[in-house]
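Engineer: This is coords_5.cif, which holds mmCIF, C-alpha atoms:
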```cif
data_structure
loop_
_atom_site.group_PDB
_atom_site.id
_atom_site.type_symbol
_atom_site.label_atom_id
_atom_site.label_comp_id
_atom_site.auth_asym_id
_atom_site.auth_seq_id
_atom_site.Cartn_x
_atom_site.Cartn_y
_atom_site.Cartn_z
ATOM 1 C CA MET A 1 0.000 0.000 0.000
ATOM 2 C CA SER A 2 1.442 3.342 -0.992
ATOM 3 C CA ARG A 3 1.582 6.340 1.281
ATOM 4 C CA GLN A 4 -0.743 9.274 0.717
ATOM 5 C CA THR A 5 0.644 12.657 -0.188
ATOM 6 C CA LEU A 6 -0.572 15.860 1.442
ATOM 7 C CA ILE A 7 -2.605 16.708 -1.671
ATOM 8 C CA GLU A 8 -4.209 13.231 -1.697
ATOM 9 C CA ARG A 9 -5.190 13.605 1.973
ATOM 10 C CA VAL A 10 -6.638 17.084 1.479
ATOM 11 C CA ALA A 11 -8.460 16.376 -1.807
ATOM 12 C CA GLY A 12 -9.769 12.988 -0.723
ATOM 13 C CA LYS A 13 -12.325 11.547 -3.117
ATOM 14 C CA ARG A 14 -14.151 14.839 -3.548
ATOM 15 C CA TYR A 15 -11.682 16.903 -5.603
ATOM 16 C CA ARG A 16 -9.640 16.151 -8.716
ATOM 17 C CA ILE A 17 -5.894 15.787 -8.498
ATOM 18 C CA GLY A 18 -3.858 17.035 -11.429
ATOM 19 C CA TRP A 19 -0.187 17.092 -12.333
ATOM 20 C CA ASP A 20 2.213 19.927 -12.883
ATOM 21 C CA GLU A 21 3.354 19.939 -16.512
ATOM 22 C CA ALA A 22 6.942 19.312 -15.417
ATOM 23 C CA ALA A 23 5.977 15.830 -14.120
ATOM 24 C CA ARG A 24 5.798 14.533 -17.696
ATOM 25 C CA HIS A 25 9.480 15.243 -18.245
ATOM 26 C CA GLU A 26 10.753 13.917 -14.925
ATOM 27 C CA PRO A 27 11.548 10.175 -14.711
ATOM 28 C CA GLY A 28 9.265 8.691 -12.060
ATOM 29 C CA GLY A 29 7.450 12.006 -11.658
ATOM 30 C CA LYS A 30 4.041 10.380 -11.229
ATOM 31 C CA THR A 31 5.089 7.233 -9.382
ATOM 32 C CA HIS A 32 8.013 8.003 -7.063
ATOM 33 C CA PHE A 33 6.547 9.239 -3.739
ATOM 34 C CA GLU A 34 8.750 12.291 -3.180
ATOM 35 C CA LYS A 35 8.328 13.426 -6.767
ATOM 36 C CA ARG A 36 4.625 12.591 -6.787
ATOM 37 C CA ASP A 37 4.236 14.785 -3.713
ATOM 38 C CA MET A 38 6.079 17.622 -5.433
ATOM 39 C CA TYR A 39 4.165 17.563 -8.743
ATOM 40 C CA GLN A 40 0.575 17.011 -7.593
ATOM 41 C CA LEU A 41 -1.885 19.871 -7.575
ATOM 42 C CA ILE A 42 -5.593 20.494 -7.236
ATOM 43 C CA PRO A 43 -6.872 22.352 -10.314
ATOM 44 C CA CYS A 44 -9.338 25.105 -9.459
ATOM 45 C CA GLN A 45 -11.579 27.507 -11.314
ATOM 46 C CA TYR A 46 -9.256 30.222 -10.045
ATOM 47 C CA GLY A 47 -5.711 28.831 -10.322
ATOM 48 C CA ASP A 48 -4.198 25.790 -8.611
ATOM 49 C CA ILE A 49 -3.588 24.590 -5.063
ATOM 50 C CA TYR A 50 -0.321 22.740 -4.441
ATOM 51 C CA LYS A 51 1.987 21.692 -1.613
ATOM 52 C CA PHE A 52 4.336 24.449 -0.467
ATOM 53 C CA ALA A 53 5.971 22.835 2.566
ATOM 54 C CA SER A 54 5.197 20.213 5.183
ATOM 55 C CA GLY A 55 1.612 20.890 6.282
ATOM 56 C CA ILE A 56 1.465 24.119 4.240
ATOM 57 C CA LEU A 57 -0.405 24.551 0.962
ATOM 58 C CA ALA A 58 -0.139 27.327 -1.592
ATOM 59 C CA TRP A 59 -2.828 28.748 -3.848
ATOM 60 C CA TYR A 60 -1.798 30.303 -7.152
ATOM 61 C CA CYS A 61 -4.593 32.751 -7.953
ATOM 62 C CA PRO A 62 -4.365 34.346 -11.424
ATOM 63 C CA SER A 63 -7.304 36.664 -10.716
ATOM 64 C CA ARG A 64 -6.419 39.971 -9.057
ATOM 65 C CA GLN A 65 -10.048 40.560 -8.086
ATOM 66 C CA LYS A 66 -10.561 37.069 -6.589
ATOM 67 C CA GLY A 67 -7.253 37.284 -4.694
ATOM 68 C CA THR A 68 -8.176 40.634 -3.180
ATOM 69 C CA TRP A 69 -11.600 39.299 -2.237
ATOM 70 C CA ALA A 70 -10.096 36.199 -0.568
ATOM 71 C CA ARG A 71 -7.429 38.206 1.248
ATOM 72 C CA LYS A 72 -10.059 40.422 2.878
ATOM 73 C CA ARG A 73 -12.353 37.575 3.924
ATOM 74 C CA LEU A 74 -9.938 34.893 5.155
ATOM 75 C CA GLY A 75 -8.130 35.110 8.475
ATOM 76 C CA PRO A 76 -4.563 35.999 9.446
ATOM 77 C CA TRP A 77 -3.498 32.421 8.715
ATOM 78 C CA PHE A 78 -3.973 33.218 4.983
ATOM 79 C CA THR A 79 -0.675 34.895 4.080
ATOM 80 C CA VAL A 80 0.559 36.479 0.878
ATOM 81 C CA GLN A 81 3.706 34.878 -0.498
ATOM 82 C CA ILE A 82 3.847 36.771 -3.807
ATOM 83 C CA GLU A 83 1.746 39.684 -5.008
ATOM 84 C CA CYS A 84 2.105 40.616 -8.666
ATOM 85 C CA GLU A 85 0.243 42.938 -10.978
ATOM 86 C CA ASP A 86 -2.413 40.414 -12.015
ATOM 87 C CA GLU A 87 -1.895 37.411 -9.739
ATOM 88 C CA TRP A 88 -1.300 36.240 -6.204
ATOM 89 C CA ILE A 89 0.293 33.278 -4.449
ATOM 90 C CA PHE A 90 -1.038 32.630 -0.962
ATOM 91 C CA ASN A 91 0.130 30.206 1.743
ATOM 92 C CA PHE A 92 -2.165 28.584 4.263
ATOM 93 C CA PRO A 93 -2.251 25.602 6.659
ATOM 94 C CA ALA A 94 -3.603 22.377 5.130
ATOM 95 C CA GLU A 95 -6.312 22.236 7.827
ATOM 96 C CA LYS A 96 -7.838 25.424 6.399
ATOM 97 C CA PHE A 97 -8.298 23.919 2.920
ATOM 98 C CA PRO A 98 -12.145 23.832 3.136
ATOM 99 C CA GLU A 99 -12.242 27.598 3.732
ATOM 100 C CA VAL A 100 -9.869 28.353 0.863
ATOM 101 C CA ALA A 101 -11.787 25.924 -1.367
ATOM 102 C CA LYS A 102 -14.831 28.197 -1.103
ATOM 103 C CA CYS A 103 -12.774 30.930 -2.802
ATOM 104 C CA ALA A 104 -10.695 28.872 -5.250
ATOM 105 C CA ASN A 105 -13.532 26.552 -6.407
ATOM 106 C CA PRO A 106 -11.541 23.324 -6.858
ATOM 107 C CA ARG A 107 -12.613 21.003 -9.668
ATOM 108 C CA ARG A 108 -14.668 18.133 -8.283
ATOM 109 C CA ARG A 109 -14.404 14.504 -9.234
ATOM 110 C CA ARG A 110 -17.378 12.956 -10.944
ATOM 111 C CA LEU A 111 -18.737 10.400 -8.536
ATOM 112 C CA VAL A 112 -21.083 7.700 -9.803
ATOM 113 C CA SER A 113 -22.843 5.228 -7.539
ATOM 114 C CA GLU A 114 -22.319 1.519 -8.198
ATOM 115 C CA GLU A 115 -25.942 1.116 -9.381
ATOM 116 C CA GLU A 116 -25.596 4.039 -11.812
ATOM 117 C CA ARG A 117 -22.237 2.712 -13.035
ATOM 118 C CA GLN A 118 -23.780 -0.686 -13.776
ATOM 119 C CA ARG A 119 -26.743 0.925 -15.552
ATOM 120 C CA LEU A 120 -24.394 2.949 -17.764
ATOM 121 C CA LEU A 121 -22.301 -0.119 -18.567
ATOM 122 C CA ASP A 122 -25.412 -2.070 -19.589
ATOM 123 C CA MET A 123 -26.567 0.790 -21.823
ATOM 124 C CA GLY A 124 -23.179 0.985 -23.524
ATOM 125 C CA LYS A 125 -22.869 -2.725 -24.299
ATOM 126 C CA ALA A 126 -25.180 -2.414 -27.305
ATOM 127 C CA HIS A 127 -22.867 0.185 -28.864
ATOM 128 C CA HIS A 128 -19.465 -1.399 -28.288
ATOM 129 C CA PHE A 129 -17.542 -2.410 -31.398
ATOM 130 C CA THR A 130 -16.782 -6.108 -31.210
ATOM 131 C CA GLY A 131 -14.408 -6.225 -34.157
ATOM 132 C CA ALA A 132 -15.169 -9.938 -34.723
ATOM 133 C CA GLU A 133 -15.533 -9.600 -38.493
ATOM 134 C CA ASN A 134 -12.106 -7.956 -38.877
ATOM 135 C CA LYS A 135 -10.296 -9.910 -36.192
ATOM 136 C CA ASN A 136 -8.033 -11.985 -38.459
ATOM 137 C CA ASP A 137 -7.544 -9.504 -41.290
ATOM 138 C CA ASP A 138 -3.986 -8.525 -42.004
ATOM 139 C CA PRO A 139 -3.950 -4.766 -42.670
ATOM 140 C CA ASP A 140 -0.941 -5.112 -44.999
ATOM 141 C CA ALA A 141 -2.552 -7.861 -47.112
ATOM 142 C CA HIS A 142 -4.583 -5.283 -49.066
ATOM 143 C CA ILE A 143 -1.635 -3.040 -49.925
ATOM 144 C CA ASP A 144 -0.120 -3.643 -53.347
ATOM 145 C CA ALA A 145 3.435 -2.652 -54.075
ATOM 146 C CA ALA A 146 3.742 0.410 -56.275
ATOM 147 C CA PRO A 147 4.363 -0.594 -59.906
ATOM 148 C CA GLY A 148 7.969 -0.345 -61.022
ATOM 149 C CA LEU A 149 9.492 -0.705 -57.542
ATOM 150 C CA PRO A 150 11.827 -3.602 -56.855
ATOM 151 C CA PRO A 151 10.502 -6.172 -54.381
ATOM 152 C CA SER A 152 11.528 -5.821 -50.755
ATOM 153 C CA PRO A 153 13.978 -8.353 -49.326
ATOM 154 C CA GLY A 154 12.095 -11.544 -48.504
ATOM 155 C CA GLU A 155 9.492 -10.960 -51.245
ATOM 156 C CA THR A 156 9.306 -12.937 -54.464
ATOM 157 C CA ASP A 157 7.323 -11.758 -57.492
ATOM 158 C CA GLY A 158 5.445 -9.165 -55.431
ATOM 159 C CA GLU A 159 4.134 -11.752 -52.941
ATOM 160 C CA MET A 160 5.100 -11.789 -49.306
ATOM 161 C CA ALA A 161 7.340 -14.664 -48.268
ATOM 162 C CA ALA A 162 5.672 -17.079 -45.885
#
```
Here is the file; what I need is its structure written in the form of structure tokens.
Structural biologist:
Amino acid sequence: MSRQTLIERVAGKRYRIGWDEAARHEPGGKTHFEKRDMYQLIPCQYGDIYKFASGILAWYCPSRQKGTWARKRLGPWFTVQIECEDEWIFNFPAEKFPEVAKCANPRRRRLVSEEERQRLLDMGKAHHFTGAENKNDDPDAHIDAAPGLPPSPGETDGEMAA
């Protein structure tokens, strides 16, 4: 059983967990625990929430208006790390995530009950492509060599060698 990262504990099953774009280029970025912890984020309507330090989360807010609104309404535990012309980065304790989530609007996971999941699977069975009629067709068998080209090695008289 793998350990849970701070983002996995905070997001739980309610919110989506995304990946920083840099995780694609890092070997083991999505599987190695320390790297997984570093590259995970919670995508939000207004920016992203990610791990800043042990027990501390950061919210990148690209909306000047939303950042100002949140700064006025949240407590002294909600601190400004970076204030730019059009964006903010705030730090806050992980325990305060539900309060910040009201401002950031994190993307929620789509949850489907087991009964609904089974109903959807049954509805989709009629539309699944079985592929039985094309199962044994060789896609290259229908391609003829261009006229005037010499045969490839292993071919005789334009036919594939068995």
Engineer: Suppose you want the space between atom CA of A:Lys66 and atom CA of A:Phe97; what is it in Å?
Structural biologist: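 Computed distance, atom CA of A:Lys66 to atom CA of A:Phe97, equals 16.4 Å.
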Engineer: I need the output of the PyMOL selection byres ((chain A and resi 10) around 10) for this file as an MDAnalysis selection string; which residues are they?
Structural biologist: chainID A and resid 4:9 11:15 42 57 94:98
Engineer: Starting from the PyMOL selection byres ((chain A and resi 40) around 12), expand the selection into actual residues of this file and give them as an NGL selection string.
Structural biologist: :A and (4-11 or 16-24 or 29-39 or 41-43 or 48-52 or 57-58)
Engineer: What does the distance from atom CA of A:Ala126 to atom CA of A:Ser113 come to in Å, to one decimal?
Structural biologist: 21.3 Å
Engineer: What is the distance between atom CA of A:Arg64 and atom CA of A:Arg108, in Å to one decimal?
Structural biologist: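 Going from atom CA of A:Arg64 over to atom CA of A:Arg108 covers 23.4 Å.
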Engineer: I need the residue nearest A:Cys103 from this list: A:Gly47, A:Gly124, A:Pro76, A:Gly55. Use all atoms listed in the file for the distance.
Structural biologist: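 Among the listed residues, the smallest separation from A:Cys103 belongs to A:Gly47.
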Engineer: Go through the shown structure with the PyMOL selection byres ((chain A and resi 77-80) around 10) and write out the matching residues as a list of chain:residue names.
Structural biologist: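 For this structure, the PyMOL selection byres ((chain A and resi 77-80) around 10) resolves to A:Ala58, A:Trp59, A:Gly67, A:Ala70, A:Arg71, A:Lys72, A:Arg73, A:Leu74, A:Gly75, A:Pro76, A:Gln81, A:Ile82, A:Glu83, A:Trp88, A:Ile89, A:Phe90, A:Asn91, A:Phe92, A:Pro93, A:Lys96, A:Val100.
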Engineer: Using all atoms listed in the file, pick whichever of A:Cys61, A:Leu121, A:Trp69, A:Arg109 has the shortest atom-to-atom distance to A:Asp86.
Structural biologist: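 Ranked by minimum distance to A:Asp86, first place goes to A:Cys61.
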